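Q: start_5.cif is reproduced in full below (mmCIF, C-alpha atoms and all ligand atoms).
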data_final
loop_
_atom_site.label_atom_id
_atom_site.label_comp_id
_atom_site.auth_asym_id
_atom_site.auth_seq_id
_atom_site.Cartn_x
_atom_site.Cartn_y
_atom_site.Cartn_z
CA MET A 1 0.00 0.00 0.00
CA ALA A 2 2.78 2.44 0.91
CA ASP A 3 4.49 1.91 -2.49
CA PHE A 4 1.20 2.36 -4.25
CA LEU A 5 0.50 5.64 -2.43
CA GLN A 6 4.02 6.83 -3.16
CA ASN A 7 3.46 6.08 -6.87
CA VAL A 8 0.26 8.05 -6.83
CA MET A 9 1.93 10.90 -4.97
CA ASP A 10 4.83 10.99 -7.44
CA HIS A 11 2.45 11.02 -10.36
CA ALA A 12 0.29 13.76 -8.79
CA VAL A 13 3.33 15.97 -8.27
CA ALA A 14 4.68 15.31 -11.79
CA VAL A 15 1.37 15.99 -13.51
CA ALA A 16 0.73 19.11 -11.40
CA ARG A 17 4.18 20.44 -12.41
CA LYS A 18 3.47 19.73 -16.07
CA ALA A 19 0.07 21.43 -15.74
CA GLY A 20 1.76 24.44 -14.12
CA GLU A 21 4.19 24.73 -17.05
CA VAL A 22 1.35 24.65 -19.56
CA VAL A 23 -0.59 27.32 -17.63
CA CYS A 24 2.46 29.58 -17.27
CA SER A 25 3.38 29.32 -20.94
CA ALA A 26 -0.22 30.14 -21.92
CA LEU A 27 -0.13 33.38 -19.90
CA SER A 28 1.28 35.25 -22.88
CA ASP A 29 -1.09 33.67 -25.44
CA GLU A 30 -4.24 35.29 -26.64
CA ARG A 31 -7.12 33.94 -24.56
CA LYS A 32 -10.57 32.98 -25.71
CA ILE A 33 -12.74 33.70 -22.66
CA MET A 34 -16.02 31.86 -22.16
CA THR A 35 -18.50 31.98 -19.28
CA LYS A 36 -20.27 29.27 -17.27
CA SER A 37 -22.77 29.79 -14.40
CA SER A 38 -22.66 33.61 -14.53
CA ALA A 39 -21.16 36.40 -16.61
CA VAL A 40 -18.18 36.46 -14.25
CA ASP A 41 -17.64 32.68 -13.92
CA LEU A 42 -14.88 32.46 -16.50
CA VAL A 43 -13.26 29.57 -18.35
CA THR A 44 -10.58 29.49 -21.05
CA GLN A 45 -9.32 26.86 -23.47
CA THR A 46 -6.28 26.51 -21.21
CA ASP A 47 -8.50 25.38 -18.29
CA GLN A 48 -10.07 22.74 -20.56
CA ARG A 49 -6.78 21.68 -22.10
CA VAL A 50 -5.00 21.33 -18.76
CA GLU A 51 -7.84 19.30 -17.27
CA GLN A 52 -7.70 16.89 -20.22
CA LEU A 53 -3.93 16.68 -19.92
CA ILE A 54 -4.20 15.69 -16.25
CA ILE A 55 -7.01 13.18 -16.87
CA GLN A 56 -5.20 11.52 -19.80
CA SER A 57 -1.97 11.28 -17.89
CA VAL A 58 -3.64 9.74 -14.82
CA LYS A 59 -5.74 7.35 -16.92
CA GLU A 60 -2.62 5.96 -18.59
CA LYS A 61 -1.04 5.19 -15.25
CA PHE A 62 -4.12 4.31 -13.15
CA PRO A 63 -6.84 3.19 -15.59
CA SER A 64 -9.45 2.34 -12.95
CA HIS A 65 -9.37 5.68 -11.13
CA ARG A 66 -12.22 8.14 -11.35
CA PHE A 67 -12.32 11.91 -11.80
CA ILE A 68 -14.24 14.95 -10.69
CA GLY A 69 -12.93 17.80 -12.83
CA GLU A 70 -14.21 21.38 -12.86
CA GLU A 71 -14.45 21.64 -16.63
CA SER A 72 -15.78 18.09 -17.11
CA VAL A 73 -18.59 18.86 -14.64
CA ALA A 74 -19.25 22.16 -16.48
CA ALA A 75 -19.57 20.06 -19.65
CA GLY A 76 -22.25 17.88 -18.03
CA GLU A 77 -20.38 15.09 -16.23
CA SER A 78 -21.61 14.11 -12.78
CA CYS A 79 -20.06 15.34 -9.56
CA ILE A 80 -20.63 12.33 -7.35
CA LEU A 81 -17.92 11.22 -4.96
CA THR A 82 -17.85 7.47 -4.39
CA ASP A 83 -15.50 5.25 -2.40
CA GLU A 84 -13.49 4.56 -5.57
CA PRO A 85 -10.10 6.27 -5.90
CA THR A 86 -10.98 9.66 -7.33
CA TRP A 87 -8.90 12.58 -8.55
CA ILE A 88 -10.53 15.94 -7.89
CA ILE A 89 -9.14 18.42 -10.38
CA ASP A 90 -9.23 22.16 -10.71
CA PRO A 91 -7.01 22.83 -13.72
CA ILE A 92 -6.67 26.54 -12.96
CA ASP A 93 -7.96 27.71 -9.62
CA GLY A 94 -7.99 31.46 -10.10
CA THR A 95 -9.15 31.55 -13.72
CA THR A 96 -10.08 35.24 -13.35
CA ASN A 97 -6.51 35.96 -12.25
CA PHE A 98 -5.25 33.98 -15.23
CA VAL A 99 -7.50 35.85 -17.65
CA HIS A 100 -6.18 39.14 -16.27
CA THR A 101 -2.61 37.82 -16.06
CA TRP A 102 -2.63 38.48 -12.34
CA ARG A 103 -0.10 35.85 -11.44
CA TRP A 104 -1.61 34.16 -8.42
CA VAL A 105 -2.56 31.18 -10.51
CA TRP A 106 -2.95 27.73 -9.05
CA SER A 107 -3.10 24.42 -10.83
CA THR A 108 -4.42 21.59 -8.75
CA ALA A 109 -4.61 17.83 -9.01
CA VAL A 110 -5.66 15.79 -6.01
CA TRP A 111 -6.05 12.15 -5.45
CA ARG A 112 -8.30 10.96 -2.70
CA ILE A 113 -8.88 7.40 -1.59
CA LYS A 114 -11.10 5.77 0.95
CA CYS A 115 -9.99 2.34 2.14
CA SER A 116 -12.99 0.67 3.69
CA ARG A 117 -12.50 -1.15 6.94
CA PRO A 118 -15.02 -2.85 9.17
CA GLY A 119 -16.55 -0.10 11.25
CA GLY A 120 -15.42 2.85 9.19
CA GLY A 121 -13.37 4.36 6.43
CA ARG A 122 -9.96 5.92 6.32
CA GLU A 123 -8.72 8.68 4.11
CA ARG A 124 -5.15 9.10 2.99
CA SER A 125 -3.87 12.27 1.49
CA VAL A 126 -1.01 12.09 -0.92
CA THR A 127 -0.42 15.65 -1.90
CA ALA A 128 -0.28 17.44 1.39
CA ARG A 129 3.08 16.66 2.86
CA LEU A 130 4.82 19.96 2.26
CA CYS A 131 3.33 21.91 5.11
CA ARG A 132 4.00 19.35 7.78
CA PHE A 133 7.47 20.73 8.20
CA LEU A 134 6.56 24.37 8.47
CA SER A 135 6.65 25.89 11.89
CA ARG A 136 4.06 28.52 12.48
CA GLN A 137 3.45 30.91 15.26
CA LEU A 138 -0.19 30.51 16.07
CA LEU A 139 -2.21 33.58 16.81
CA SER A 140 -5.47 33.19 18.66
CA ASP A 141 -6.48 36.84 19.04
CA ILE A 142 -8.90 37.54 16.20
CA HIS A 143 -8.28 41.31 16.55
CA GLN A 144 -4.70 40.81 15.36
CA ALA A 145 -5.68 38.48 12.54
CA ILE A 146 -5.70 38.77 8.77
CA ILE A 147 -8.71 36.97 7.33
CA ALA A 148 -8.87 35.82 3.72
CA THR A 149 -12.12 35.62 1.80
CA GLU A 150 -13.46 36.06 -1.74
CA PHE A 151 -16.54 37.50 -3.39
CA GLY A 152 -16.83 34.47 -5.71
CA SER A 153 -18.79 34.58 -8.96
CA ASN A 154 -22.37 34.69 -7.68
CA ARG A 155 -23.91 38.10 -8.47
CA ASP A 156 -27.37 37.28 -7.15
CA LEU A 157 -28.33 40.28 -4.95
CA LYS A 158 -29.35 38.20 -1.94
CA ALA A 159 -26.13 36.22 -1.99
CA VAL A 160 -24.07 39.43 -2.37
CA ASP A 161 -25.94 40.91 0.64
CA HIS A 162 -25.01 37.89 2.77
CA ILE A 163 -21.38 38.16 1.62
CA PHE A 164 -21.21 41.88 2.42
CA PHE A 165 -22.90 41.46 5.79
CA SER A 166 -20.34 38.84 6.83
CA LEU A 167 -17.51 41.03 5.57
CA ARG A 168 -18.86 44.02 7.50
CA ASN A 169 -19.01 41.93 10.68
CA ILE A 170 -15.44 40.70 10.21
CA LEU A 171 -14.02 44.15 9.40
CA THR A 172 -15.69 45.85 12.33
CA LEU A 173 -14.58 43.29 14.93
CA PRO A 174 -12.04 44.75 14.08
CA VAL A 175 -9.36 42.55 12.48
CA HIS A 176 -5.99 43.76 11.21
CA GLY A 177 -7.07 43.17 7.61
CA VAL A 178 -9.02 41.22 5.04
CA ARG A 179 -7.31 39.79 1.95
CA GLY A 180 -8.11 37.56 -0.98
CA ALA A 181 -5.67 35.93 -3.40
CA GLY A 182 -8.35 35.23 -6.00
CA THR A 183 -7.97 31.49 -5.61
CA ALA A 184 -9.36 29.29 -2.84
CA ALA A 185 -6.40 26.92 -3.12
CA VAL A 186 -3.86 29.70 -2.53
CA ASN A 187 -5.95 31.17 0.30
CA MET A 188 -5.91 27.77 2.00
CA CYS A 189 -2.16 27.45 1.49
CA LEU A 190 -1.79 30.87 3.12
CA VAL A 191 -3.70 29.50 6.15
CA ALA A 192 -1.43 26.44 6.22
CA LEU A 193 1.62 28.68 6.06
CA GLY A 194 0.34 30.94 8.84
CA CYS A 195 0.34 34.02 6.54
CA VAL A 196 -3.36 34.56 7.25
CA GLU A 197 -5.20 33.28 10.30
CA ALA A 198 -8.32 32.09 8.49
CA TYR A 199 -10.08 31.80 5.15
CA TYR A 200 -13.82 31.46 4.64
CA GLU A 201 -16.05 31.43 1.59
CA ILE A 202 -19.55 30.41 0.55
CA GLY A 203 -19.94 29.52 -3.12
CA ILE A 204 -16.69 27.67 -3.82
CA HIS A 205 -16.81 24.18 -5.36
CA VAL A 206 -15.34 20.86 -4.30
CA TRP A 207 -12.46 21.19 -6.81
CA ASP A 208 -11.52 24.62 -5.38
CA ILE A 209 -11.01 23.26 -1.86
CA ALA A 210 -10.11 19.55 -2.15
CA ALA A 211 -6.35 20.12 -2.28
CA GLY A 212 -6.47 22.88 0.30
CA LEU A 213 -8.39 20.74 2.80
CA LEU A 214 -5.58 18.23 2.88
CA ILE A 215 -2.90 20.88 3.06
CA VAL A 216 -4.56 22.76 5.92
CA SER A 217 -5.35 19.62 7.87
CA GLU A 218 -1.84 18.20 7.52
CA ALA A 219 -0.42 21.55 8.61
CA GLY A 220 -2.44 21.18 11.83
CA GLY A 221 -5.17 23.66 10.91
CA VAL A 222 -8.90 23.48 11.57
CA LEU A 223 -11.62 22.96 8.94
CA MET A 224 -15.28 23.63 9.58
CA ASP A 225 -18.54 24.44 7.92
CA VAL A 226 -19.60 28.11 8.11
CA THR A 227 -22.20 27.16 10.75
CA GLY A 228 -19.65 25.34 12.88
CA GLY A 229 -20.22 21.67 11.99
CA ASP A 230 -18.01 19.35 9.98
CA VAL A 231 -17.01 20.31 6.46
CA ASP A 232 -19.32 18.85 3.84
CA LEU A 233 -17.22 18.58 0.66
CA MET A 234 -20.17 19.17 -1.67
CA SER A 235 -21.87 21.96 0.30
CA ARG A 236 -19.82 24.78 -1.23
CA ARG A 237 -18.98 26.32 2.16
CA ILE A 238 -15.69 26.38 4.02
CA VAL A 239 -13.89 27.87 7.00
CA ALA A 240 -10.18 27.02 7.29
CA ALA A 241 -8.25 28.42 10.21
CA ASN A 242 -5.01 28.17 12.11
CA ASN A 243 -6.84 27.07 15.23
CA LYS A 244 -10.31 26.48 16.67
CA THR A 245 -10.51 29.79 18.58
CA ILE A 246 -10.02 31.79 15.39
CA ALA A 247 -12.34 29.49 13.41
CA GLU A 248 -15.15 29.92 15.92
CA LYS A 249 -14.74 33.73 16.05
CA VAL A 250 -14.94 33.87 12.25
CA ILE A 251 -17.99 31.60 12.22
CA GLU A 252 -19.79 33.93 14.67
CA GLN A 253 -19.50 36.73 12.08
CA ILE A 254 -20.69 34.78 9.04
CA ASP A 255 -24.17 35.34 7.68
CA PRO A 256 -24.68 31.88 6.16
CA PHE A 257 -26.58 30.95 3.02
CA THR A 258 -26.94 27.70 1.11
CA PRO A 259 -25.91 27.55 -2.54
CA PRO A 260 -27.05 24.56 -4.65
CA ARG A 261 -24.85 21.59 -3.75
CA ASP A 262 -22.16 20.38 -6.13
CA ASP A 263 -23.68 16.89 -6.13
CA ALA A 264 -27.27 18.11 -6.68
CA PRO A 265 -29.02 16.71 -9.76
CA PRO A 266 -28.67 19.19 -12.69
CA LEU A 267 -32.29 20.38 -12.42
CA ASP A 268 -31.78 21.55 -8.81
CA LYS A 269 -28.75 23.69 -9.68
C1 LIG B 301 -12.64 30.28 -8.07
C2 LIG B 301 -11.55 30.78 -7.14
C3 LIG B 301 -12.03 32.01 -6.41
C4 LIG B 301 -13.29 31.75 -5.63
C5 LIG B 301 -14.37 31.18 -6.52
C6 LIG B 301 -13.85 29.94 -7.26
P1 LIG B 301 -11.92 29.00 -10.36
O1 LIG B 301 -12.20 29.10 -8.74
O2 LIG B 301 -11.18 29.78 -6.23
O3 LIG B 301 -11.06 32.43 -5.49
O4 LIG B 301 -13.76 32.94 -5.09
O5 LIG B 301 -15.46 30.85 -5.69
O6 LIG B 301 -14.86 29.43 -8.10
O7 LIG B 301 -13.23 29.24 -11.02
O8 LIG B 301 -10.92 30.04 -10.70
O9 LIG B 301 -11.44 27.61 -10.51
#
Translate the structure described by the file into structure tokens.
Ligand code: IPD

A:
Amino acid sequence: MADFLQNVMDHAVAVARKAGEVVCSALSDERKIMTKSSAVDLVTQTDQRVEQLIIQSVKEKFPSHRFIGEESVAAGESCILTDEPTWIIDPIDGTTNFVHTWRWVWSTAVWRIKCSRPGGGRERSVTARLCRFLSRQLLSDIHQAIIATEFGSNRDLKAVDHIFFSLRNILTLPVHGVRGAGTAAVNMCLVALGCVEAYYEIGIHVWDIAAGLLIVSEAGGVLMDVTGGDVDLMSRRIVAANNKTIAEKVIEQIDPFTPPRDDAPPLDK
């Protein structure tokens, strides 16, 4: 099992590096910009190309594995997570940054496995080892914190009101600052690195946070739903924090809402 996981890990790292090279070299190309769920939910041919590159490469090496990919789901494939080994792929997390050549671009490929055992399952992460070695000074005073969040791509007035109300609550606590990298994956890495104390967002998708969940948890961080319960991968809501005190303070400020789930049947979305 250990050799197998190492093989998967090695392949994940290699294919993510290759994907990163393709994305970086496409930064100077002319981009054809298309939209998905809203006029500001952007996708380019590079997103689609990189996702296919990752899927093809993984299929050659691990033919039985499954995929949940942002652009494949946008093209109509299902977003159902089973117990089968599944790669959750966001080819470019931060597509808006990419379109505007704002260089916080993140290419993500994650493999996730559940090994069933009598009485329960076990999850192994294979991409999240980096942060284990980082030493962080943990801050538990929210008033000295920097909190990361994003506006996302939902421009529905009610949703925007919820987002602004939460932001207003956070800012007036007060906190030292609010930041957003423009990519959920990078925001979660910033939590793991201790550069920001917490990140929260409602409206992200499973492929935006899958890699970050592993990275934050292996760095010793805390992951919760915006109402304080466990994270539900498909619920499109996340709080990631350096520690529970900060997570709970952030959660107290959030005005929650419930976007359509990632695994909802197409008609409910
Ligand atoms: C987006 C980014 C962004 C977040 C959006 C995501 P994409 O992912 O992670 O930071 O605010 O909610 O959809 O579309 O660039 O892969």

Q: Go through A:Asp161, A:Thr245, A:Leu190, A:Phe151 one by one, measure the shortest atom-to-atom distance of each to Ile204 in chain A using all atoms listed in the file, and give the residue with the smallest value.

A: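 Checking each of A:Asp161, A:Thr245, A:Leu190, A:Phe151 against Ile204 in chain A, counting all atoms listed in the file, the winner is A:Phe151.
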
Q: Find, counting only C-alpha atoms and all ligand atoms, the residue in A:Ala185, A:Val206, A:Val191, A:Ala19 that gets nearest to ligand LIG 301 (chain B).

A: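 The closest residue to ligand LIG 301 (chain B) is A:Ala185.
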
Q: Just the residues within 8 Å of Pro259 in chain A, please, counting only C-alpha atoms, with nothing from its chain fewer than 6 positions along; format it as a PyMOL selection string.

A: chain A and resi 202-203+235-236

Q: Between A:Thr96, A:Ser28, A:Gln253, A:Thr46, single out the one closest to ligand LIG 301 (chain B), counting all atoms listed in the file.

A: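 Ranking A:Thr96, A:Ser28, A:Gln253, A:Thr46 by distance to ligand LIG 301 (chain B), first place goes to A:Thr96.
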
Q: Which residue out of A:Leu214, A:Ile142, A:Val99, A:Val178 has the minimum interatomic distance to ligand LIG 301 (chain B) when all atoms listed in the file are used?

A: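 Nearest to ligand LIG 301 (chain B): A:Val99.
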
Q: Please reconstruct the missing atoms of range 27-41 of chain A (target: N, CA, C and O atoms) and return them as a PDB file, in the frame of the given file.

A:
ATOM      1  N   LEU A  27       0.155  32.035 -20.402  1.00  0.00           N
ATOM      2  CA  LEU A  27      -0.130  33.380 -19.900  1.00  0.00           C
ATOM      3  C   LEU A  27       0.060  34.460 -20.954  1.00  0.00           C
ATOM      4  O   LEU A  27      -0.634  35.469 -20.970  1.00  0.00           O
ATOM      5  N   SER A  28       1.015  34.220 -21.863  1.00  0.00           N
ATOM      6  CA  SER A  28       1.280  35.250 -22.880  1.00  0.00           C
ATOM      7  C   SER A  28       0.467  35.043 -24.156  1.00  0.00           C
ATOM      8  O   SER A  28       0.499  35.870 -25.061  1.00  0.00           O
ATOM      9  N   ASP A  29      -0.273  33.930 -24.240  1.00  0.00           N
ATOM     10  CA  ASP A  29      -1.090  33.670 -25.440  1.00  0.00           C
ATOM     11  C   ASP A  29      -2.365  34.501 -25.419  1.00  0.00           C
ATOM     12  O   ASP A  29      -2.818  34.926 -24.363  1.00  0.00           O
ATOM     13  N   GLU A  30      -2.932  34.638 -26.600  1.00  0.00           N
ATOM     14  CA  GLU A  30      -4.240  35.290 -26.640  1.00  0.00           C
ATOM     15  C   GLU A  30      -5.270  34.328 -26.051  1.00  0.00           C
ATOM     16  O   GLU A  30      -5.216  33.122 -26.299  1.00  0.00           O
ATOM     17  N   ARG A  31      -6.174  34.836 -25.229  1.00  0.00           N
ATOM     18  CA  ARG A  31      -7.120  33.940 -24.560  1.00  0.00           C
ATOM     19  C   ARG A  31      -8.525  34.078 -25.114  1.00  0.00           C
ATOM     20  O   ARG A  31      -9.002  35.194 -25.310  1.00  0.00           O
ATOM     21  N   LYS A  32      -9.157  32.933 -25.368  1.00  0.00           N
ATOM     22  CA  LYS A  32     -10.570  32.980 -25.710  1.00  0.00           C
ATOM     23  C   LYS A  32     -11.321  32.764 -24.389  1.00  0.00           C
ATOM     24  O   LYS A  32     -11.177  31.722 -23.741  1.00  0.00           O
ATOM     25  N   ILE A  33     -12.088  33.779 -23.972  1.00  0.00           N
ATOM     26  CA  ILE A  33     -12.740  33.700 -22.660  1.00  0.00           C
ATOM     27  C   ILE A  33     -14.211  33.327 -22.830  1.00  0.00           C
ATOM     28  O   ILE A  33     -14.936  33.964 -23.603  1.00  0.00           O
ATOM     29  N   MET A  34     -14.621  32.294 -22.129  1.00  0.00           N
ATOM     30  CA  MET A  34     -16.020  31.860 -22.160  1.00  0.00           C
ATOM     31  C   MET A  34     -16.591  31.979 -20.738  1.00  0.00           C
ATOM     32  O   MET A  34     -15.823  32.118 -19.789  1.00  0.00           O
ATOM     33  N   THR A  35     -17.911  31.895 -20.616  1.00  0.00           N
ATOM     34  CA  THR A  35     -18.500  31.980 -19.280  1.00  0.00           C
ATOM     35  C   THR A  35     -19.312  30.715 -18.979  1.00  0.00           C
ATOM     36  O   THR A  35     -19.741  30.011 -19.890  1.00  0.00           O
ATOM     37  N   LYS A  36     -19.528  30.481 -17.668  1.00  0.00           N
ATOM     38  CA  LYS A  36     -20.270  29.270 -17.270  1.00  0.00           C
ATOM     39  C   LYS A  36     -21.539  29.670 -16.504  1.00  0.00           C
ATOM     40  O   LYS A  36     -22.477  30.143 -17.109  1.00  0.00           O
ATOM     41  N   SER A  37     -21.520  29.575 -15.160  1.00  0.00           N
ATOM     42  CA  SER A  37     -22.770  29.790 -14.400  1.00  0.00           C
ATOM     43  C   SER A  37     -23.212  31.248 -14.334  1.00  0.00           C
ATOM     44  O   SER A  37     -24.367  31.541 -14.054  1.00  0.00           O
ATOM     45  N   SER A  38     -22.294  32.187 -14.545  1.00  0.00           N
ATOM     46  CA  SER A  38     -22.660  33.610 -14.530  1.00  0.00           C
ATOM     47  C   SER A  38     -21.695  34.336 -15.461  1.00  0.00           C
ATOM     48  O   SER A  38     -20.713  33.760 -15.921  1.00  0.00           O
ATOM     49  N   ALA A  39     -21.987  35.611 -15.678  1.00  0.00           N
ATOM     50  CA  ALA A  39     -21.160  36.400 -16.610  1.00  0.00           C
ATOM     51  C   ALA A  39     -19.746  36.594 -16.103  1.00  0.00           C
ATOM     52  O   ALA A  39     -18.858  37.015 -16.849  1.00  0.00           O
ATOM     53  N   VAL A  40     -19.525  36.286 -14.802  1.00  0.00           N
ATOM     54  CA  VAL A  40     -18.180  36.460 -14.250  1.00  0.00           C
ATOM     55  C   VAL A  40     -17.563  35.123 -13.816  1.00  0.00           C
ATOM     56  O   VAL A  40     -16.539  35.103 -13.131  1.00  0.00           O
ATOM     57  N   ASP A  41     -18.198  34.024 -14.203  1.00  0.00           N
ATOM     58  CA  ASP A  41     -17.640  32.680 -13.920  1.00  0.00           C
ATOM     59  C   ASP A  41     -16.918  32.268 -15.204  1.00  0.00           C
ATOM     60  O   ASP A  41     -17.527  31.759 -16.146  1.00  0.00           O
TER      61      ASP A  41
END
